[in-house]
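data_3.txt, holding compact mmCIF, C-alpha atoms:
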```txt
# COMPACT_ATOMS: atom_id res chain seq x y z
CA MET A 940 -17.82 72.53 -24.04
CA GLY A 941 -14.94 74.93 -24.77
CA ARG A 942 -12.76 76.56 -22.10
CA THR A 943 -14.40 79.96 -22.62
CA ALA A 944 -17.91 78.57 -22.16
CA LEU A 945 -16.80 76.55 -19.14
CA ALA A 946 -15.21 79.58 -17.51
CA SER A 947 -18.34 81.64 -18.22
CA GLY A 948 -20.51 78.93 -16.69
CA LEU A 949 -18.39 78.72 -13.56
CA ALA A 950 -18.56 82.49 -13.21
CA ALA A 951 -22.36 82.31 -13.41
CA LEU A 952 -22.42 79.81 -10.57
CA VAL A 953 -20.20 82.04 -8.46
CA ILE A 954 -22.44 85.06 -9.10
CA PHE A 955 -25.51 83.12 -7.97
CA ALA A 956 -23.75 81.74 -4.90
CA ALA A 957 -22.59 85.19 -3.84
CA SER A 958 -26.20 86.26 -3.14
CA ALA A 959 -27.44 82.87 -2.05
CA VAL A 960 -30.52 82.41 0.12
CA ARG A 961 -32.31 79.27 1.22
CA ALA A 962 -35.38 78.59 -0.90
CA GLY A 963 -37.88 75.87 -1.62
CA PRO A 964 -38.36 72.29 -0.39
CA CYS A 965 -35.04 71.15 -1.86
CA ASP A 966 -33.15 73.51 0.47
CA VAL A 967 -30.49 74.63 -2.00
CA PRO A 968 -28.79 78.04 -2.44
CA ALA A 969 -30.63 80.41 -4.78
CA GLY A 970 -29.90 83.86 -6.18
CA GLU A 971 -32.18 86.56 -7.56
CA ALA A 972 -32.96 87.10 -11.25
CA ARG A 973 -35.78 88.27 -13.53
CA VAL A 974 -37.44 86.38 -16.40
CA ALA A 975 -37.50 88.12 -19.77
CA ALA A 976 -39.31 85.38 -21.71
CA VAL A 977 -40.42 81.75 -21.63
CA LEU A 978 -38.94 79.93 -24.63
CA ASP A 979 -39.59 76.57 -26.28
CA ASP A 980 -39.44 73.59 -23.89
CA PHE A 981 -40.15 76.05 -21.06
CA ASP A 982 -36.57 77.35 -21.07
CA LEU A 983 -36.32 80.72 -19.34
CA ALA A 984 -34.50 83.69 -20.85
CA LEU A 985 -33.34 86.05 -18.10
CA ASP A 986 -33.07 89.80 -18.54
CA ASP A 987 -29.29 89.61 -17.99
CA GLY A 988 -28.90 87.44 -21.11
CA ARG A 989 -28.61 84.03 -19.47
CA GLU A 990 -30.87 81.11 -20.38
CA LEU A 991 -32.13 78.50 -17.91
CA ARG A 992 -33.37 74.95 -18.39
CA LEU A 993 -35.88 73.92 -15.74
CA ALA A 994 -34.25 70.88 -14.17
CA GLY A 995 -36.25 67.76 -13.43
CA ILE A 996 -39.14 68.29 -15.84
CA ASP A 997 -40.05 67.00 -19.30
CA PRO A 998 -42.30 69.71 -20.82
CA ALA A 999 -45.45 68.90 -22.76
CA ARG A 1000 -44.99 68.94 -26.52
CA ALA A 1001 -47.18 68.64 -29.60
CA THR A 1002 -49.02 65.33 -29.89
CA PRO A 1003 -50.82 63.73 -32.87
CA GLY A 1004 -54.20 64.67 -31.46
CA ARG A 1005 -53.22 68.10 -30.08
CA PRO A 1006 -50.49 69.70 -32.21
CA GLY A 1007 -50.78 72.96 -30.27
CA LEU A 1008 -50.54 71.45 -26.79
CA GLY A 1009 -46.95 72.40 -25.99
CA GLU A 1010 -47.28 75.93 -27.33
CA ASP A 1011 -50.57 76.50 -25.52
CA LEU A 1012 -49.05 75.51 -22.18
CA ARG A 1013 -45.88 77.52 -22.88
CA GLN A 1014 -48.00 80.63 -23.37
CA LYS A 1015 -49.81 80.06 -20.08
CA LEU A 1016 -46.49 79.67 -18.27
CA ALA A 1017 -45.22 82.83 -19.99
CA ALA A 1018 -48.28 84.79 -18.80
CA TRP A 1019 -47.17 84.00 -15.25
CA LEU A 1020 -43.38 84.29 -15.46
CA SER A 1021 -42.51 86.88 -18.10
CA GLY A 1022 -41.15 89.98 -16.36
CA ARG A 1023 -41.35 88.32 -12.93
CA ALA A 1024 -38.65 88.22 -10.27
CA VAL A 1025 -37.45 84.68 -9.54
CA ARG A 1026 -34.93 82.88 -7.37
CA VAL A 1027 -32.56 80.58 -9.21
CA ALA A 1028 -30.49 77.64 -7.97
CA PRO A 1029 -28.11 76.62 -10.80
CA LEU A 1030 -27.10 72.96 -10.69
CA ALA A 1031 -24.23 72.92 -13.20
CA VAL A 1032 -22.38 74.92 -15.82
CA PRO A 1033 -24.22 75.66 -19.10
CA ASP A 1034 -24.89 72.79 -21.47
CA ARG A 1035 -23.96 72.70 -25.16
CA TRP A 1036 -26.82 75.11 -25.92
CA ASP A 1037 -25.63 77.55 -23.22
CA ARG A 1038 -28.57 76.75 -20.94
CA VAL A 1039 -27.97 76.59 -17.19
CA PRO A 1040 -29.90 73.68 -15.62
CA ALA A 1041 -31.58 75.14 -12.56
CA LEU A 1042 -34.32 75.01 -9.96
CA VAL A 1043 -36.46 78.15 -10.03
CA TRP A 1044 -38.88 79.73 -7.57
CA ALA A 1045 -41.20 82.58 -8.59
CA GLU A 1046 -42.15 85.57 -6.49
CA GLY A 1047 -45.95 85.51 -6.47
CA GLY A 1048 -48.42 82.99 -7.88
CA PRO A 1049 -50.06 82.70 -11.31
CA PRO A 1050 -52.36 85.50 -12.54
CA PRO A 1051 -55.71 85.75 -10.70
CA GLY A 1052 -58.38 83.69 -12.39
CA SER A 1053 -55.88 81.34 -14.04
CA ALA A 1054 -57.87 78.13 -14.37
CA THR A 1055 -55.15 75.97 -15.87
CA LEU A 1056 -52.00 76.86 -13.89
CA VAL A 1057 -52.13 75.69 -10.28
CA ALA A 1058 -50.40 77.98 -7.78
CA PRO A 1059 -47.41 76.17 -6.21
CA SER A 1060 -47.43 75.87 -2.43
CA SER A 1061 -43.62 76.12 -2.37
CA GLY A 1062 -43.24 78.80 -5.04
CA SER A 1063 -41.40 76.24 -7.20
CA VAL A 1064 -41.91 76.69 -10.94
CA ALA A 1065 -41.38 72.94 -11.32
CA GLU A 1066 -44.16 72.28 -8.81
CA ALA A 1067 -46.56 74.54 -10.73
CA ALA A 1068 -45.67 72.87 -14.04
CA LEU A 1069 -46.05 69.33 -12.67
CA VAL A 1070 -49.21 69.81 -10.59
CA SER A 1071 -50.82 71.62 -13.54
CA GLY A 1072 -49.93 68.84 -15.98
CA PHE A 1073 -47.66 71.09 -18.03
CA ALA A 1074 -44.79 68.61 -17.69
CA ARG A 1075 -43.72 65.22 -16.32
CA ALA A 1076 -40.98 64.59 -13.78
CA ARG A 1077 -37.70 63.69 -15.46
CA PRO A 1078 -34.88 62.12 -13.43
CA GLU A 1079 -31.46 63.61 -13.95
CA PRO A 1080 -28.17 63.32 -12.06
CA LEU A 1081 -27.95 67.07 -11.44
CA LEU A 1082 -31.10 67.20 -9.35
CA PRO A 1083 -30.66 67.31 -5.56
CA PRO A 1084 -32.22 64.48 -3.53
CA CYS A 1085 -35.74 65.88 -3.73
CA PHE A 1086 -37.05 64.00 -6.76
CA SER A 1087 -39.72 62.30 -4.64
CA ALA A 1088 -41.36 65.74 -4.36
CA PHE A 1089 -41.32 66.04 -8.15
CA ARG A 1090 -43.04 62.66 -8.50
CA THR A 1091 -45.65 63.64 -5.91
CA TRP A 1092 -46.38 66.85 -7.81
CA GLU A 1093 -46.63 64.92 -11.07
CA ALA A 1094 -49.04 62.42 -9.47
CA GLN A 1095 -51.34 65.29 -8.42
CA GLY A 1096 -51.58 66.51 -12.01
CA ARG A 1097 -52.11 62.97 -13.31
CA MET A 1098 -54.90 62.21 -10.82
CA SER A 1099 -56.63 65.47 -11.78
CA ARG A 1100 -56.16 64.73 -15.51
CA LEU A 1101 -54.79 68.23 -16.05
CA GLY A 1102 -52.79 69.44 -19.04
CA LEU A 1103 -50.92 66.69 -20.85
CA TRP A 1104 -52.64 64.00 -18.75
CA SER A 1105 -55.88 64.68 -20.64
CA ASP A 1106 -54.18 63.59 -23.89
CA PRO A 1107 -54.09 59.82 -24.65
CA TYR A 1108 -50.57 60.20 -26.06
CA TYR A 1109 -49.25 60.83 -22.55
CA ALA A 1110 -50.96 57.85 -20.94
CA ILE A 1111 -48.74 55.55 -18.89
CA LEU A 1112 -47.87 52.60 -21.12
CA ASP A 1113 -48.40 48.93 -20.41
CA ALA A 1114 -45.19 47.00 -21.06
CA ASN A 1115 -47.05 44.72 -23.49
CA ASP A 1116 -48.40 47.59 -25.61
CA ARG A 1117 -46.09 47.20 -28.61
CA ASP A 1118 -47.86 49.81 -30.74
CA GLY A 1119 -47.86 52.41 -27.96
CA LEU A 1120 -44.19 51.79 -27.22
CA ALA A 1121 -43.28 52.11 -30.90
CA GLN A 1122 -45.01 55.50 -31.07
CA ARG A 1123 -42.92 56.83 -28.17
CA THR A 1124 -39.50 55.79 -29.48
CA GLY A 1125 -36.96 58.54 -28.85
CA ALA A 1126 -39.15 60.28 -26.28
CA MET A 1127 -39.56 59.97 -22.54
CA ALA A 1128 -42.18 57.44 -21.48
CA LEU A 1129 -43.57 55.90 -18.30
CA VAL A 1130 -43.96 52.12 -18.60
CA GLU A 1131 -45.59 49.72 -16.14
CA GLY A 1132 -45.54 45.96 -15.72
CA ARG A 1133 -44.71 43.05 -13.44
CA LEU A 1134 -41.00 42.50 -12.99
CA SER A 1135 -39.04 39.47 -14.07
CA LEU A 1136 -35.28 39.37 -14.53
CA GLY A 1137 -32.98 38.35 -17.34
CA SER A 1138 -29.22 38.61 -17.54
CA GLY A 1139 -26.40 38.92 -20.04
CA ARG A 1140 -22.63 39.13 -19.80
CA ALA A 1141 -22.61 42.71 -18.51
CA TRP A 1142 -26.28 43.59 -18.15
CA THR A 1143 -29.36 42.77 -16.12
CA PHE A 1144 -32.69 43.06 -17.93
CA LEU A 1145 -35.74 44.26 -16.03
CA ARG A 1146 -38.52 42.65 -18.05
CA LEU A 1147 -41.95 44.16 -17.51
CA GLY A 1148 -43.69 42.56 -20.50
CA ARG A 1149 -44.57 39.02 -21.49
CA GLY A 1150 -42.89 37.39 -24.45
CA ALA A 1151 -40.40 38.50 -27.10
CA GLY A 1152 -40.52 42.08 -28.31
CA THR A 1153 -42.10 43.53 -25.20
CA PHE A 1154 -40.52 46.11 -22.93
CA ALA A 1155 -37.39 45.53 -20.87
CA ALA A 1156 -35.11 47.98 -19.07
CA THR A 1157 -31.33 47.56 -19.15
CA LEU A 1158 -29.21 47.77 -16.04
CA SER A 1159 -25.42 47.76 -15.92
CA ARG A 1160 -23.62 46.06 -13.05
CA ARG A 1161 -22.77 49.43 -11.57
CA ALA A 1162 -26.40 50.58 -11.85
CA ALA A 1163 -27.64 47.33 -10.27
CA LYS A 1164 -25.40 47.96 -7.26
CA MET A 1165 -26.62 51.55 -7.07
CA LEU A 1166 -30.25 50.38 -7.03
CA ALA A 1167 -29.54 47.82 -4.32
CA ASN A 1168 -27.91 50.52 -2.19
CA ALA A 1169 -31.05 52.62 -2.65
CA GLY A 1170 -33.28 49.78 -1.36
CA LEU A 1171 -34.39 48.69 -4.83
CA ASP A 1172 -32.58 45.38 -5.24
CA PRO A 1173 -33.98 43.97 -8.53
CA GLY A 1174 -33.89 40.42 -7.17
CA ALA A 1175 -36.05 41.40 -4.21
CA LEU A 1176 -38.53 43.15 -6.52
CA THR A 1177 -39.18 40.17 -8.79
CA GLY A 1178 -42.93 39.69 -9.24
CA ARG A 1179 -43.73 43.21 -8.08
CA ARG A 1180 -45.51 45.71 -10.30
CA ILE A 1181 -43.19 48.60 -11.07
CA ARG A 1182 -43.09 51.74 -13.22
CA ILE A 1183 -39.97 52.78 -15.12
CA ARG A 1184 -39.48 56.19 -16.70
CA GLY A 1185 -36.88 57.31 -19.19
CA PHE A 1186 -36.17 57.69 -22.90
CA LEU A 1187 -37.31 54.80 -25.07
CA ASP A 1188 -34.86 53.12 -27.44
CA ASP A 1189 -35.94 50.43 -29.92
CA ARG A 1190 -32.62 49.29 -31.40
CA PHE A 1191 -32.99 45.92 -29.65
CA GLY A 1192 -36.68 46.06 -28.86
CA PRO A 1193 -38.37 48.69 -26.69
CA GLN A 1194 -36.15 49.45 -23.71
CA ILE A 1195 -35.02 52.15 -21.30
CA ASP A 1196 -31.52 52.36 -19.85
CA VAL A 1197 -31.81 52.66 -16.07
CA THR A 1198 -29.02 54.68 -14.49
CA SER A 1199 -30.84 56.19 -11.50
CA ALA A 1200 -33.04 54.91 -8.70
CA ASP A 1201 -35.34 57.86 -9.45
CA GLN A 1202 -36.40 56.09 -12.64
CA ILE A 1203 -38.13 53.29 -10.75
CA GLU A 1204 -41.34 53.36 -8.72
CA VAL A 1205 -42.75 50.30 -6.93
CA LEU A 1206 -46.52 50.29 -7.34
CA ASP A 1207 -47.74 47.42 -5.15
CA ALA A 1208 -47.23 46.61 -1.50
CA ALA A 1209 -44.38 44.30 -0.57
CA ALA A 1210 -45.10 40.83 0.73
CA PRO A 1211 -44.06 40.32 4.39
CA GLY A 1212 -40.30 40.01 4.65
CA SER A 1213 -39.61 41.06 1.06
CA GLY A 1214 -37.30 43.87 0.02
CA GLY A 1215 -37.97 46.90 -2.11
CA SER A 1216 -39.40 50.32 -1.48
CA LEU A 1217 -42.88 51.70 -2.00
CA ASP A 1218 -43.21 55.33 -3.03
CA PRO A 1219 -46.54 56.75 -1.75
CA ALA A 1220 -46.78 58.96 -4.86
CA ALA A 1221 -46.92 55.83 -7.03
CA ARG A 1222 -50.04 54.33 -5.47
CA GLU A 1223 -52.56 55.94 -7.87
```

Can you present the structure in this file as structure tokens?
Amino acid sequence: MGRTALASGLAALVIFAASAVRAGPCDVPAGEARVAAVLDDFDLALDDGRELRLAGIDPARATPGRPGLGEDLRQKLAAWLSGRAVRVAPLAVPDRWDRVPALVWAEGGPPPGSATLVAPSSGSVAEAALVSGFARARPEPLLPPCFSAFRTWEAQGRMSRLGLWSDPYYAILDANDRDGLAQRTGAMALVEGRLSLGSGRAWTFLRLGRGAGTFAATLSRRAAKMLANAGLDPGALTGRRIRIRGFLDDRFGPQIDVTSADQIEVLDAAAPGSGGSLDPAARE
């Protein structure tokens, strides 16, 4: 990012902070704005010319069986947000596409009679998108420590089979499903399996599949320490069934690079005296 763009981004943060209020379950400062349009990937164009990226969500996109899925859901979100007053909590300066990653709360719920967009209890646009199955929760370092709420909202949409969860393409993948993993290369995926560990010179491998060519997540030494500090020591989780989310890479077989504790959910109960953490939202 150039100096001009950086300065502009910092100015935007200052403007928001100047009129800050407390909003939403994440309890972060938010300023007022108005949505002009909902763009591709659910980005929000504001009437003052700025563009927002909704932090913490991976929007639904076209799938082989439903090429119009992403656009259909974008239009439903636009019917709610276009022209509406919102509260915005920017999390960083604009990215390379001049989008400000932000948390957003809308004034007023979806249009009356909307059967596909669930009204958010908190006013959070992310909550509405996740509970309605318009998106999946995406970990990112900019998000405040409220990602467990995002996963809970996602689980509600998944249990109700709403939006993208009604499409087989978005099913949670078994770590041994080589064909399914190959089809998701380069995209975000949720992968489940029983954990075993492998190690290299600088990496720990979280193996969820059985045999060569199945899924494994990569973990640097620094990331392994971070997980242990978060109560997710990989050694203590061996044999447990876990879910890992992130972007799939197949350069050395299907794998996801784990850099955040938010990427891991423990799905089964711990044996007495064992370590680990069980997220209630992961039980279904």

Query raised in the report: So which residues touch Ala1018 in chain A within 10 Å, counting all atoms listed in the file, skipping near sequence neighbours fewer than 2 positions away, as number ranges by chain?
Result: A: 976-977, 1012-1016, 1020-1023, 1049-1050, 1053

At a cut-off of 12 Å, using only C-alpha atoms, what residues contact range 1114-1129 of chain A? Leave out same-chain residues fewer than 5 positions from it and give the result as an mmCIF file with C-alpha atoms, in the frame of the given file.
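The resulting file, part.cif, is reproduced below:
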```
data_model
loop_
_atom_site.group_PDB
_atom_site.id
_atom_site.type_symbol
_atom_site.label_atom_id
_atom_site.label_comp_id
_atom_site.auth_asym_id
_atom_site.auth_seq_id
_atom_site.Cartn_x
_atom_site.Cartn_y
_atom_site.Cartn_z
ATOM 1 C CA ILE A 996 -39.140 68.290 -15.840
ATOM 2 C CA ASP A 997 -40.050 67.000 -19.300
ATOM 3 C CA PRO A 998 -42.300 69.710 -20.820
ATOM 4 C CA ALA A 999 -45.450 68.900 -22.760
ATOM 5 C CA ARG A 1000 -44.990 68.940 -26.520
ATOM 6 C CA THR A 1002 -49.020 65.330 -29.890
ATOM 7 C CA PRO A 1003 -50.820 63.730 -32.870
ATOM 8 C CA ALA A 1074 -44.790 68.610 -17.690
ATOM 9 C CA ARG A 1075 -43.720 65.220 -16.320
ATOM 10 C CA ALA A 1076 -40.980 64.590 -13.780
ATOM 11 C CA ARG A 1077 -37.700 63.690 -15.460
ATOM 12 C CA PRO A 1078 -34.880 62.120 -13.430
ATOM 13 C CA ARG A 1090 -43.040 62.660 -8.500
ATOM 14 C CA GLU A 1093 -46.630 64.920 -11.070
ATOM 15 C CA PRO A 1107 -54.090 59.820 -24.650
ATOM 16 C CA TYR A 1108 -50.570 60.200 -26.060
ATOM 17 C CA TYR A 1109 -49.250 60.830 -22.550
ATOM 18 C CA LEU A 1134 -41.000 42.500 -12.990
ATOM 19 C CA SER A 1135 -39.040 39.470 -14.070
ATOM 20 C CA LEU A 1145 -35.740 44.260 -16.030
ATOM 21 C CA ARG A 1146 -38.520 42.650 -18.050
ATOM 22 C CA LEU A 1147 -41.950 44.160 -17.510
ATOM 23 C CA GLY A 1148 -43.690 42.560 -20.500
ATOM 24 C CA ARG A 1149 -44.570 39.020 -21.490
ATOM 25 C CA GLY A 1150 -42.890 37.390 -24.450
ATOM 26 C CA ALA A 1151 -40.400 38.500 -27.100
ATOM 27 C CA GLY A 1152 -40.520 42.080 -28.310
ATOM 28 C CA THR A 1153 -42.100 43.530 -25.200
ATOM 29 C CA PHE A 1154 -40.520 46.110 -22.930
ATOM 30 C CA ALA A 1155 -37.390 45.530 -20.870
ATOM 31 C CA ALA A 1156 -35.110 47.980 -19.070
ATOM 32 C CA ARG A 1180 -45.510 45.710 -10.300
ATOM 33 C CA ILE A 1181 -43.190 48.600 -11.070
ATOM 34 C CA ARG A 1182 -43.090 51.740 -13.220
ATOM 35 C CA ILE A 1183 -39.970 52.780 -15.120
ATOM 36 C CA ARG A 1184 -39.480 56.190 -16.700
ATOM 37 C CA GLY A 1185 -36.880 57.310 -19.190
ATOM 38 C CA PHE A 1186 -36.170 57.690 -22.900
ATOM 39 C CA LEU A 1187 -37.310 54.800 -25.070
ATOM 40 C CA ASP A 1188 -34.860 53.120 -27.440
ATOM 41 C CA ASP A 1189 -35.940 50.430 -29.920
ATOM 42 C CA ARG A 1190 -32.620 49.290 -31.400
ATOM 43 C CA PHE A 1191 -32.990 45.920 -29.650
ATOM 44 C CA GLY A 1192 -36.680 46.060 -28.860
ATOM 45 C CA PRO A 1193 -38.370 48.690 -26.690
ATOM 46 C CA GLN A 1194 -36.150 49.450 -23.710
ATOM 47 C CA ILE A 1195 -35.020 52.150 -21.300
ATOM 48 C CA ASP A 1196 -31.520 52.360 -19.850
ATOM 49 C CA GLN A 1202 -36.400 56.090 -12.640
ATOM 50 C CA ILE A 1203 -38.130 53.290 -10.750
ATOM 51 C CA GLU A 1204 -41.340 53.360 -8.720
ATOM 52 C CA ALA A 1221 -46.920 55.830 -7.030
#
```

Report summary line: Between CA of Glu1079 in chain A and CA of Leu1042 in chain A lies a distance of 12.4 Å

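The two atoms in question, CA of Arg1038 in chain A and CA of Arg1005 in chain A, are spaced 27.7 Å apart.
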